[in-house]
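Have a look at the structure below before the remarks.
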Amino acid sequence: MAWQLHYTSVRRGPTGRSGFQFVAGTPGLPEGARAGVLPHLSYRPPPEAPAEPGDAELDRFPVSLLYDRVDGRPVLVRCRYLGRDYSGRYGNFFGHAVIAEPEELEGVRPAELWRSPIWAALPSPGDRLDELDELPPGAALAPEDLARWLPASGPADPFGTLGVLAAAVGERIAAGDGRVVLVADDADTIARWIALVSYSLPVAAAERLTFVTYSADPQRAAQHLVGTTPGVWTDVRHHASHALAVDLREGVPDGPASRQARTVTACWRDADFAGLDALAELAELDGLGTEAAAVLLALCRPSAAVTADEERGLAALLAARRPALPDWTWRALVPRVPSMTLDLAVAVRDAARAAGVPEPARRCDLRVATLALSDPSARRAGRPPAPRARCGGFGRACGAERP
């Protein structure tokens with residue numbers, strides 16, 4: 001279940017006082033929930049917005065959707081500008097907070113709740129709010145919709161920009177610190193990019209990805225991804241100490257990209273959502289990490305090129321960590337065995353033996369033997385000698401030995 005809170009400025013609230021306060025809530029809120037949510041309930045219009053907007057202009061103010069955790073529970077806070085308060089002064093806003101148990105977000109990335117039907121447009125007239133039995137995603141942020149939108153999203157190289165962002169955010173989540181600022185003209189664009197990054201990360205990392213679609217104070221925001229407007233960023237960028245800020249109208253300048261970034265880029269370019277899922281699954285294996293996961297995924301795809309350095313790095317990780325590879329990887333690795341380096345063939349062979357998968361182990365034995373025949377140093381290093389060959393090449397040996 002999930003609990004709700006409404007927050008705004010009123011002449012007379014449930015406690016009898018005036019001003020900003022919680023005006024409605026779900027009975028039975030967890031202890032400390034109000035105090036934990038309160039620091040996230042704020043809104044200041046961007047400097048480029050009209051100082052005294054009319055009702056028709058209010059919808060053009062950026063909506064702030066924040067995702068974070070309070071006492072281990074997921075918290076989402078949506079704030080929208082209302083203009084005047086009860087006294088006629090400008091500066092009022094409406095904050096709608098949802099506090100959920102962790103299991104309520106299983107199978108849903110928080111960014112998908114950008115336009116969820118759970119969000120109220122105005123404060124409740126009463127002081128009691130219902131429990132939420134589910135948190136349904138909003139429209140237009142499904143991966144298929146985002147893949148269609150991305151090519152014309154604004155940056156000169158939108159796919160490359162996404163790859164760099166996903167890698168940078170993943171590093172900050174793993175480090176437990178740091179933020180990336182996203183600059184765009186509207187919060188809808190920010191929300192789409194946050195969703196794109198979220199889909200590009202392993203599920204566990206996406207759950208830890210905190211964000212806010214709009215902040216008037218990005219240099220003090222505590223989330224991993226912080227959206228803001230060009231006007232705000234012009235005012236604060238010379239005083240900010242962010243490692244990375246991306247103007248989504250321009251994108252990220254060309255530069256060297258990691259294997260993970262290139263893989264994410266290729267998957268989105270081809271709308272290859274199975275590839276993104278596979279990358280996420282491999283990245284969550286014990287001790288593998290996103291970069292090695294991208295190398296392993298490339299090895300599982302016949303047409304992908306992998307460098308000798310990448311093979312050596314992956315071989316070292318497989319030998320040291322012995323992750324339990326998914327069944328599909330063993331089937332996919334078999335065609336790549338004939339081109340593996342010695343270190344990788346040995347590491348895959350040993351991992352396959354430990355996993356009780358005989359065919360990849362046998363193929364790797366043949367690869368190791370073939371390399372040992374052509375490189376005597378492999379034998380001196382303690383590699384197994386070549387079997388008494390019944391043929392002179394891998395292909396014929398493979399055919400002769402196949403059960």
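Note on naming: chains are A, B, ... as they come in the structure tokens, residues start from 1 per chain, ligands start from 1 in the order shown.
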
| said: Taking only stretch 195-397 of chain A into account, list the residues labelled helix (DSSP H, G or I) by DSSP (computed from the backbone), as a PyMOL selection string. | reply: chain A and resi 195-199+203-208+230-239+259-269+273-283+289-299+308-321+327-339+342-355+358-374+376-380+394-397

| Test item: residues at most 6 Å from stretch 137-154 of chain A, only C-alpha atoms, excluding those fewer than 2 positions along its chain, as a ChimeraX atom specification | /A:112-113,115-116,249

| message | So that I can see what lies close to stretch 86-91 of chain A, please list as a ChimeraX atom specification the residues with an atom at most 9 Å from it, counting only C-alpha atoms and leaving out residues fewer than 3 positions away in the same chain. | response | /A:9-11,19,43-45,51-53,81-83

Take the residues from that selection and put them in a file with all heavy atoms, as a short mmCIF file (atom, residue, chain, number, x, y, z; two decimals), in the first residue's frame.
data_model
loop_
_atom_site.label_atom_id
_atom_site.label_comp_id
_atom_site.auth_asym_id
_atom_site.auth_seq_id
_atom_site.Cartn_x
_atom_site.Cartn_y
_atom_site.Cartn_z
N SER A 9 -0.55 26.30 0.86
CA SER A 9 -0.79 27.44 1.76
C SER A 9 -2.29 27.72 1.81
O SER A 9 -2.93 27.91 0.77
CB SER A 9 -0.03 28.67 1.27
OG SER A 9 -0.29 29.78 2.12
N VAL A 10 -2.85 27.74 3.02
CA VAL A 10 -4.29 27.97 3.20
C VAL A 10 -4.52 28.97 4.33
O VAL A 10 -3.65 29.20 5.17
CB VAL A 10 -5.03 26.65 3.52
CG1 VAL A 10 -4.98 25.71 2.32
CG2 VAL A 10 -4.43 25.97 4.75
N ARG A 11 -5.73 29.54 4.31
CA ARG A 11 -6.08 30.51 5.36
C ARG A 11 -6.21 29.83 6.72
O ARG A 11 -5.77 30.35 7.74
CB ARG A 11 -7.39 31.20 5.00
CG ARG A 11 -7.79 32.33 5.97
CD ARG A 11 -9.13 32.93 5.58
NE ARG A 11 -9.12 33.45 4.22
CZ ARG A 11 -8.63 34.64 3.89
NH1 ARG A 11 -8.13 35.44 4.82
NH2 ARG A 11 -8.67 35.04 2.63
N GLY A 19 -1.15 29.53 6.41
CA GLY A 19 0.16 29.40 5.78
C GLY A 19 0.39 28.00 5.22
O GLY A 19 -0.52 27.18 5.12
N TYR A 43 8.90 24.87 -3.83
CA TYR A 43 8.80 25.25 -5.24
C TYR A 43 9.10 26.73 -5.37
O TYR A 43 8.54 27.56 -4.64
CB TYR A 43 7.41 24.96 -5.82
CG TYR A 43 7.35 25.14 -7.32
CD1 TYR A 43 7.47 24.04 -8.16
CD2 TYR A 43 7.20 26.39 -7.90
CE1 TYR A 43 7.44 24.18 -9.54
CE2 TYR A 43 7.17 26.56 -9.27
CZ TYR A 43 7.29 25.44 -10.09
OH TYR A 43 7.27 25.60 -11.45
N ARG A 44 10.01 27.06 -6.30
CA ARG A 44 10.28 28.44 -6.64
C ARG A 44 10.25 28.55 -8.15
O ARG A 44 10.93 27.79 -8.85
CB ARG A 44 11.65 28.88 -6.11
CG ARG A 44 11.86 30.38 -6.19
CD ARG A 44 13.07 30.84 -5.40
NE ARG A 44 14.33 30.56 -6.07
CZ ARG A 44 15.28 29.77 -5.62
NH1 ARG A 44 15.10 29.14 -4.45
NH2 ARG A 44 16.40 29.58 -6.27
N PRO A 45 9.46 29.47 -8.71
CA PRO A 45 9.36 29.58 -10.17
C PRO A 45 10.72 29.93 -10.79
O PRO A 45 11.56 30.59 -10.16
CB PRO A 45 8.36 30.71 -10.38
CG PRO A 45 7.59 30.77 -9.10
CD PRO A 45 8.56 30.40 -8.03
N ALA A 51 6.19 36.99 -13.40
CA ALA A 51 6.11 37.19 -11.95
C ALA A 51 4.67 37.14 -11.45
O ALA A 51 4.42 36.72 -10.31
CB ALA A 51 6.75 38.53 -11.57
N GLU A 52 3.74 37.58 -12.26
CA GLU A 52 2.33 37.58 -11.87
C GLU A 52 1.51 36.88 -12.95
O GLU A 52 0.78 37.52 -13.72
CB GLU A 52 1.84 39.02 -11.64
CG GLU A 52 2.58 39.73 -10.52
CD GLU A 52 2.06 41.14 -10.28
OE1 GLU A 52 1.17 41.58 -11.05
OE2 GLU A 52 2.52 41.78 -9.31
N PRO A 53 1.61 35.58 -13.03
CA PRO A 53 0.94 34.86 -14.12
C PRO A 53 -0.56 34.83 -13.96
O PRO A 53 -1.10 34.80 -12.85
CB PRO A 53 1.52 33.45 -14.00
CG PRO A 53 1.83 33.31 -12.53
CD PRO A 53 2.32 34.67 -12.11
N TYR A 81 3.02 24.84 -9.48
CA TYR A 81 2.80 26.23 -9.06
C TYR A 81 1.33 26.59 -9.18
O TYR A 81 0.68 26.29 -10.20
CB TYR A 81 3.65 27.16 -9.92
CG TYR A 81 3.74 28.57 -9.40
CD1 TYR A 81 4.22 28.82 -8.12
CD2 TYR A 81 3.37 29.65 -10.19
CE1 TYR A 81 4.32 30.12 -7.63
CE2 TYR A 81 3.48 30.95 -9.73
CZ TYR A 81 3.94 31.17 -8.44
OH TYR A 81 4.04 32.47 -7.97
N LEU A 82 0.79 27.24 -8.14
CA LEU A 82 -0.61 27.66 -8.14
C LEU A 82 -0.77 29.17 -8.29
O LEU A 82 -1.90 29.67 -8.45
CB LEU A 82 -1.30 27.22 -6.85
CG LEU A 82 -1.42 25.72 -6.60
CD1 LEU A 82 -2.18 25.47 -5.30
CD2 LEU A 82 -2.10 25.01 -7.76
N GLY A 83 0.33 29.91 -8.20
CA GLY A 83 0.22 31.37 -8.29
C GLY A 83 -0.14 32.00 -6.96
O GLY A 83 0.63 31.98 -6.01
#

| message | Set the distance at 12 Å and use only C-alpha atoms: which residues neighbour A:Pro136 once local chain neighbours fewer than 3 positions away are removed? I'd like the list as a PyMOL selection string. | response | chain A and resi 104-119+132-133+139

| Atomic distance atom CA of A:Arg269 - atom CA of A:Ser198, expressed in Å with one decimal |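 It comes out at 16.2 Å.
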
| task | Could you check which of A:Pro360, A:Gly13, A:Gly313, A:Gly54 is closest to A:Val337, using only C-alpha atoms? | result |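 Of the candidates, the smallest distance to A:Val337 is held by A:Pro360.
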
| Residue nearest A:Gly36 - candidates A:Val77, A:Ala304, A:Val63, A:Ala156, atoms counted: only C-alpha atoms |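 Nearest candidate to A:Gly36 out of A:Val77, A:Ala304, A:Val63, A:Ala156: A:Val77.
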
| task | Find the residue from A:Ala204, A:Ala97, A:Leu182, A:Ala283 that sits nearest to A:Gln223; use only C-alpha atoms when measuring. | result |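 For A:Gln223, the nearest of the candidates is A:Leu182.
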
Could you go through stretch 118-337 of chain A and tell me which residues DSSP, when run on the backbone, assigns to strand (DSSP E), listing them as a PDB file with all heavy atoms, in the first residue's frame?
ATOM      1  N   VAL A 180      24.021  14.804 -11.687  1.00  0.00           N
ATOM      2  CA  VAL A 180      24.101  15.295 -13.053  1.00  0.00           C
ATOM      3  C   VAL A 180      22.936  16.253 -13.257  1.00  0.00           C
ATOM      4  O   VAL A 180      21.790  15.920 -12.919  1.00  0.00           O
ATOM      5  CB  VAL A 180      24.013  14.141 -14.071  1.00  0.00           C
ATOM      6  CG1 VAL A 180      23.998  14.686 -15.497  1.00  0.00           C
ATOM      7  CG2 VAL A 180      25.181  13.168 -13.891  1.00  0.00           C
ATOM      8  N   VAL A 181      23.217  17.424 -13.764  1.00  0.00           N
ATOM      9  CA  VAL A 181      22.182  18.427 -14.015  1.00  0.00           C
ATOM     10  C   VAL A 181      21.731  18.339 -15.472  1.00  0.00           C
ATOM     11  O   VAL A 181      22.561  18.290 -16.386  1.00  0.00           O
ATOM     12  CB  VAL A 181      22.690  19.847 -13.700  1.00  0.00           C
ATOM     13  CG1 VAL A 181      21.663  20.893 -14.118  1.00  0.00           C
ATOM     14  CG2 VAL A 181      23.001  19.983 -12.218  1.00  0.00           C
ATOM     15  N   LEU A 182      20.427  18.297 -15.686  1.00  0.00           N
ATOM     16  CA  LEU A 182      19.842  18.291 -17.012  1.00  0.00           C
ATOM     17  C   LEU A 182      19.137  19.623 -17.242  1.00  0.00           C
ATOM     18  O   LEU A 182      18.294  20.022 -16.437  1.00  0.00           O
ATOM     19  CB  LEU A 182      18.831  17.147 -17.158  1.00  0.00           C
ATOM     20  CG  LEU A 182      19.355  15.734 -16.892  1.00  0.00           C
ATOM     21  CD1 LEU A 182      18.215  14.727 -17.003  1.00  0.00           C
ATOM     22  CD2 LEU A 182      20.485  15.380 -17.836  1.00  0.00           C
ATOM     23  N   VAL A 183      19.477  20.294 -18.317  1.00  0.00           N
ATOM     24  CA  VAL A 183      18.918  21.614 -18.619  1.00  0.00           C
ATOM     25  C   VAL A 183      18.037  21.506 -19.850  1.00  0.00           C
ATOM     26  O   VAL A 183      18.477  21.026 -20.905  1.00  0.00           O
ATOM     27  CB  VAL A 183      20.035  22.649 -18.855  1.00  0.00           C
ATOM     28  CG1 VAL A 183      19.434  24.035 -19.109  1.00  0.00           C
ATOM     29  CG2 VAL A 183      20.997  22.690 -17.669  1.00  0.00           C
ATOM     30  N   PHE A 211      15.857  11.436  -8.364  1.00  0.00           N
ATOM     31  CA  PHE A 211      15.779  12.480  -9.384  1.00  0.00           C
ATOM     32  C   PHE A 211      14.758  13.532  -8.997  1.00  0.00           C
ATOM     33  O   PHE A 211      13.901  13.324  -8.128  1.00  0.00           O
ATOM     34  CB  PHE A 211      15.411  11.877 -10.747  1.00  0.00           C
ATOM     35  CG  PHE A 211      14.068  11.190 -10.797  1.00  0.00           C
ATOM     36  CD1 PHE A 211      12.886  11.921 -10.919  1.00  0.00           C
ATOM     37  CD2 PHE A 211      13.973   9.802 -10.717  1.00  0.00           C
ATOM     38  CE1 PHE A 211      11.642  11.299 -10.968  1.00  0.00           C
ATOM     39  CE2 PHE A 211      12.734   9.168 -10.759  1.00  0.00           C
ATOM     40  CZ  PHE A 211      11.573   9.920 -10.889  1.00  0.00           C
ATOM     41  N   VAL A 212      14.845  14.666  -9.683  1.00  0.00           N
ATOM     42  CA  VAL A 212      13.821  15.697  -9.605  1.00  0.00           C
ATOM     43  C   VAL A 212      13.746  16.349 -10.975  1.00  0.00           C
ATOM     44  O   VAL A 212      14.777  16.683 -11.584  1.00  0.00           O
ATOM     45  CB  VAL A 212      14.120  16.730  -8.492  1.00  0.00           C
ATOM     46  CG1 VAL A 212      15.457  17.436  -8.689  1.00  0.00           C
ATOM     47  CG2 VAL A 212      12.985  17.732  -8.370  1.00  0.00           C
ATOM     48  N   LEU A 225      19.916  12.848 -10.526  1.00  0.00           N
ATOM     49  CA  LEU A 225      19.555  13.571 -11.737  1.00  0.00           C
ATOM     50  C   LEU A 225      18.686  14.761 -11.346  1.00  0.00           C
ATOM     51  O   LEU A 225      17.638  14.581 -10.723  1.00  0.00           O
ATOM     52  CB  LEU A 225      18.792  12.670 -12.714  1.00  0.00           C
ATOM     53  CG  LEU A 225      19.618  11.839 -13.700  1.00  0.00           C
ATOM     54  CD1 LEU A 225      18.706  10.896 -14.482  1.00  0.00           C
ATOM     55  CD2 LEU A 225      20.411  12.725 -14.649  1.00  0.00           C
ATOM     56  N   VAL A 226      19.121  15.946 -11.729  1.00  0.00           N
ATOM     57  CA  VAL A 226      18.431  17.173 -11.318  1.00  0.00           C
ATOM     58  C   VAL A 226      18.096  17.986 -12.562  1.00  0.00           C
ATOM     59  O   VAL A 226      18.994  18.423 -13.297  1.00  0.00           O
ATOM     60  CB  VAL A 226      19.308  18.000 -10.362  1.00  0.00           C
ATOM     61  CG1 VAL A 226      18.581  19.286  -9.969  1.00  0.00           C
ATOM     62  CG2 VAL A 226      19.682  17.186  -9.136  1.00  0.00           C
ATOM     63  N   GLY A 227      16.818  18.187 -12.819  1.00  0.00           N
ATOM     64  CA  GLY A 227      16.392  18.986 -13.956  1.00  0.00           C
ATOM     65  C   GLY A 227      16.247  20.444 -13.587  1.00  0.00           C
ATOM     66  O   GLY A 227      15.900  20.784 -12.447  1.00  0.00           O
ATOM     67  N   THR A 228      16.515  21.311 -14.540  1.00  0.00           N
ATOM     68  CA  THR A 228      16.305  22.735 -14.323  1.00  0.00           C
ATOM     69  C   THR A 228      16.115  23.419 -15.668  1.00  0.00           C
ATOM     70  O   THR A 228      16.216  22.794 -16.722  1.00  0.00           O
ATOM     71  CB  THR A 228      17.467  23.367 -13.532  1.00  0.00           C
ATOM     72  OG1 THR A 228      17.056  24.618 -13.000  1.00  0.00           O
ATOM     73  CG2 THR A 228      18.714  23.555 -14.386  1.00  0.00           C
ATOM     74  N   LEU A 244      29.108  17.050 -13.970  1.00  0.00           N
ATOM     75  CA  LEU A 244      28.540  16.992 -15.315  1.00  0.00           C
ATOM     76  C   LEU A 244      27.215  17.737 -15.344  1.00  0.00           C
ATOM     77  O   LEU A 244      26.352  17.519 -14.498  1.00  0.00           O
ATOM     78  CB  LEU A 244      28.315  15.532 -15.743  1.00  0.00           C
ATOM     79  CG  LEU A 244      27.704  15.323 -17.136  1.00  0.00           C
ATOM     80  CD1 LEU A 244      28.640  15.878 -18.221  1.00  0.00           C
ATOM     81  CD2 LEU A 244      27.442  13.842 -17.382  1.00  0.00           C
ATOM     82  N   ALA A 245      27.081  18.615 -16.318  1.00  0.00           N
ATOM     83  CA  ALA A 245      25.811  19.281 -16.596  1.00  0.00           C
ATOM     84  C   ALA A 245      25.578  19.188 -18.094  1.00  0.00           C
ATOM     85  O   ALA A 245      26.492  19.448 -18.886  1.00  0.00           O
ATOM     86  CB  ALA A 245      25.845  20.738 -16.141  1.00  0.00           C
ATOM     87  N   VAL A 246      24.379  18.811 -18.495  1.00  0.00           N
ATOM     88  CA  VAL A 246      24.077  18.580 -19.898  1.00  0.00           C
ATOM     89  C   VAL A 246      22.904  19.460 -20.316  1.00  0.00           C
ATOM     90  O   VAL A 246      21.807  19.345 -19.763  1.00  0.00           O
ATOM     91  CB  VAL A 246      23.737  17.097 -20.165  1.00  0.00           C
ATOM     92  CG1 VAL A 246      23.383  16.893 -21.629  1.00  0.00           C
ATOM     93  CG2 VAL A 246      24.900  16.200 -19.762  1.00  0.00           C
ATOM     94  N   ASP A 247      23.158  20.337 -21.272  1.00  0.00           N
ATOM     95  CA  ASP A 247      22.088  21.104 -21.884  1.00  0.00           C
ATOM     96  C   ASP A 247      21.459  20.213 -22.945  1.00  0.00           C
ATOM     97  O   ASP A 247      22.092  19.909 -23.967  1.00  0.00           O
ATOM     98  CB  ASP A 247      22.640  22.388 -22.513  1.00  0.00           C
ATOM     99  CG  ASP A 247      21.542  23.333 -22.986  1.00  0.00           C
ATOM    100  OD1 ASP A 247      20.472  22.830 -23.400  1.00  0.00           O
ATOM    101  OD2 ASP A 247      21.755  24.555 -22.962  1.00  0.00           O
TER     102      ASP A 247
END

| task | Name all residues at most 9 Å from A:Phe159 (count only C-alpha atoms; drop same-chain ones fewer than 3 positions away) and give them as a list in words. | result |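 Counting only C-alpha atoms, the residues come to Leu150, Pro151, Pro155, Leu162, Gly163, Val164, Val264, Thr265, Ala266, Trp268 and Arg269 of chain A.
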
| Between A:Pro158, A:Gly287, A:Gly126, A:Gly275, which has the minimum distance to A:Ala319 (counting only C-alpha atoms)? |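 Once distances to A:Ala319 are computed over only C-alpha atoms, the minimum belongs to A:Gly287.
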
| field | Atomic distance atom CA of A:Leu29 - atom CA of A:Met1, expressed in Å with one decimal | value |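 So the two atoms, atom CA of A:Leu29 and atom CA of A:Met1, lie 10.9 Å apart.
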
| query | Of the candidates A:Ala49, A:Gly32, A:Glu101, A:Ser124, which shows the shortest atom-to-atom distance to A:His6, using only C-alpha atoms? | reply |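 Closest to A:His6 of all the choices is A:Ser124.
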
| task | Identify which of the residues A:Ala271, A:Ala174, A:Asp186, A:Asp277 lies closest to A:Gly289, counting only C-alpha atoms when measuring atom-to-atom distances. | result |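 Smallest separation from A:Gly289 among the options: A:Ala174.
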
| request: Could you tell me how far atom CA of A:Ala167 lies from atom CA of A:Leu344, in Å and to one decimal? | output: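 Atom CA of A:Ala167 sits 25.1 Å away from atom CA of A:Leu344.
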
| Contact residues around A:Leu296 with only C-alpha atoms at 9 Å, ignoring same-chain residues under 3 positions, as a list in words |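 The residues satisfying every condition are Leu279, Leu282, Glu291, Ala292, Ala293, Leu299, Cys300, Arg301, Glu311, Leu314, Thr329 and Leu333 of chain A.
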
Please, could you write that set of residues out with C-alpha atoms as a compact mmCIF listing (two decimals), in the first residue's frame?
# COMPACT_ATOMS: atom_id res chain seq x y z
CA LEU A 279 22.80 -5.87 -20.29
CA LEU A 282 24.54 -9.28 -16.67
CA GLU A 291 31.53 -2.31 -18.25
CA ALA A 292 32.38 -6.02 -18.07
CA ALA A 293 28.70 -6.83 -18.58
CA LEU A 299 30.76 -11.69 -26.88
CA CYS A 300 27.28 -13.18 -26.86
CA ARG A 301 26.47 -11.41 -30.13
CA GLU A 311 38.82 -10.04 -23.29
CA LEU A 314 36.72 -10.03 -18.60
CA THR A 329 24.98 -16.81 -22.13
CA LEU A 333 29.21 -17.93 -26.12
